[in-house]
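Only one structure is covered here, and it is reproduced in the block below.
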Amino acid sequence: MAVFIAYVCEQYGIPVEEIKGHRDYYNTECPGDKLYAKLPQLRAEVAGLLG
């Protein structure tokens, strides 16, 4: 997953800090508490891949 997201960030110039869940924009339970809690880890992995 991190490799794909790193690719998208690189292709479209999206900063790692902009990787967010739906609930950051709208009152929803998506992506769920467990996955939402992993977003900081995902951002860190993507940042590591992007160098």
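Starting from 1 in every chain, residues are counted up; chains themselves are A, B, ... following the order of the structure tokens, and ligands are numbered from 1 as listed.
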
Residues near region 13-22 of chain A, cut-off 7 Å, only C-alpha atoms, skip fewer than 5 positions along chain, as a list in words: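 So, after excluding close chain neighbours, the residues are Thr28, Cys30, Pro31, Tyr36, Arg43, Val46 and Ala47 of chain A.
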
What does the file look like for those residues with C-alpha atoms, as an mmCIF file, in the first residue's frame?
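Contents of again-v8.cif, freshly written:
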data_model
loop_
_atom_site.group_PDB
_atom_site.id
_atom_site.type_symbol
_atom_site.label_atom_id
_atom_site.label_comp_id
_atom_site.auth_asym_id
_atom_site.auth_seq_id
_atom_site.Cartn_x
_atom_site.Cartn_y
_atom_site.Cartn_z
ATOM 1 C CA THR A 28 -17.865 9.890 8.730
ATOM 2 C CA CYS A 30 -14.467 5.906 7.279
ATOM 3 C CA PRO A 31 -11.702 4.673 7.304
ATOM 4 C CA TYR A 36 -7.277 5.786 10.941
ATOM 5 C CA ARG A 43 2.762 8.737 6.252
ATOM 6 C CA VAL A 46 5.628 6.876 2.403
ATOM 7 C CA ALA A 47 8.062 9.610 3.449
#

From the DSSP assignment of the backbone, select every residue of chain A that is alpha helix (DSSP H), and format the answer as a list in words.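 Assigned to alpha helix (DSSP H), within chain A: Ala2, Val3, Phe4, Ile5, Ala6, Tyr7, Val8, Cys9, Glu10, Gln11, Tyr12, Asp33, Lys34, Leu35, Tyr36, Ala37, Leu39, Pro40, Gln41, Leu42, Arg43, Ala44, Glu45, Val46, Ala47, Gly48, Leu49 and Leu50 of chain A.
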
Produce a file of the selected residues containing C-alpha atoms, as a PDB file, in the first residue's frame.
ATOM      1  CA  ALA A   2       2.756   2.471   0.946  1.00  0.00           C
ATOM      2  CA  VAL A   3       4.525   1.918  -2.386  1.00  0.00           C
ATOM      3  CA  PHE A   4       1.381   2.772  -4.336  1.00  0.00           C
ATOM      4  CA  ILE A   5       0.682   5.854  -2.237  1.00  0.00           C
ATOM      5  CA  ALA A   6       4.301   6.996  -2.606  1.00  0.00           C
ATOM      6  CA  TYR A   7       3.940   6.612  -6.377  1.00  0.00           C
ATOM      7  CA  VAL A   8       0.775   8.718  -6.416  1.00  0.00           C
ATOM      8  CA  CYS A   9       2.324  11.383  -4.194  1.00  0.00           C
ATOM      9  CA  GLU A  10       5.373  11.569  -6.441  1.00  0.00           C
ATOM     10  CA  GLN A  11       3.392  11.637  -9.677  1.00  0.00           C
ATOM     11  CA  TYR A  12       1.024  14.401  -8.567  1.00  0.00           C
ATOM     12  CA  ASP A  33     -10.712   3.693  13.995  1.00  0.00           C
ATOM     13  CA  LYS A  34      -8.071   0.995  13.490  1.00  0.00           C
ATOM     14  CA  LEU A  35      -7.024   2.111  10.026  1.00  0.00           C
ATOM     15  CA  TYR A  36      -7.277   5.786  10.941  1.00  0.00           C
ATOM     16  CA  ALA A  37      -4.874   5.192  13.832  1.00  0.00           C
ATOM     17  CA  LEU A  39      -2.261   6.902   9.139  1.00  0.00           C
ATOM     18  CA  PRO A  40       0.772   8.397  10.930  1.00  0.00           C
ATOM     19  CA  GLN A  41       2.675   5.143  10.324  1.00  0.00           C
ATOM     20  CA  LEU A  42       1.596   5.143   6.673  1.00  0.00           C
ATOM     21  CA  ARG A  43       2.762   8.737   6.252  1.00  0.00           C
ATOM     22  CA  ALA A  44       6.133   7.804   7.761  1.00  0.00           C
ATOM     23  CA  GLU A  45       6.512   4.795   5.444  1.00  0.00           C
ATOM     24  CA  VAL A  46       5.628   6.876   2.403  1.00  0.00           C
ATOM     25  CA  ALA A  47       8.062   9.610   3.449  1.00  0.00           C
ATOM     26  CA  GLY A  48      10.786   6.986   3.803  1.00  0.00           C
ATOM     27  CA  LEU A  49      10.101   5.658   0.315  1.00  0.00           C
ATOM     28  CA  LEU A  50      10.171   9.148  -1.158  1.00  0.00           C
TER      29      LEU A  50
END
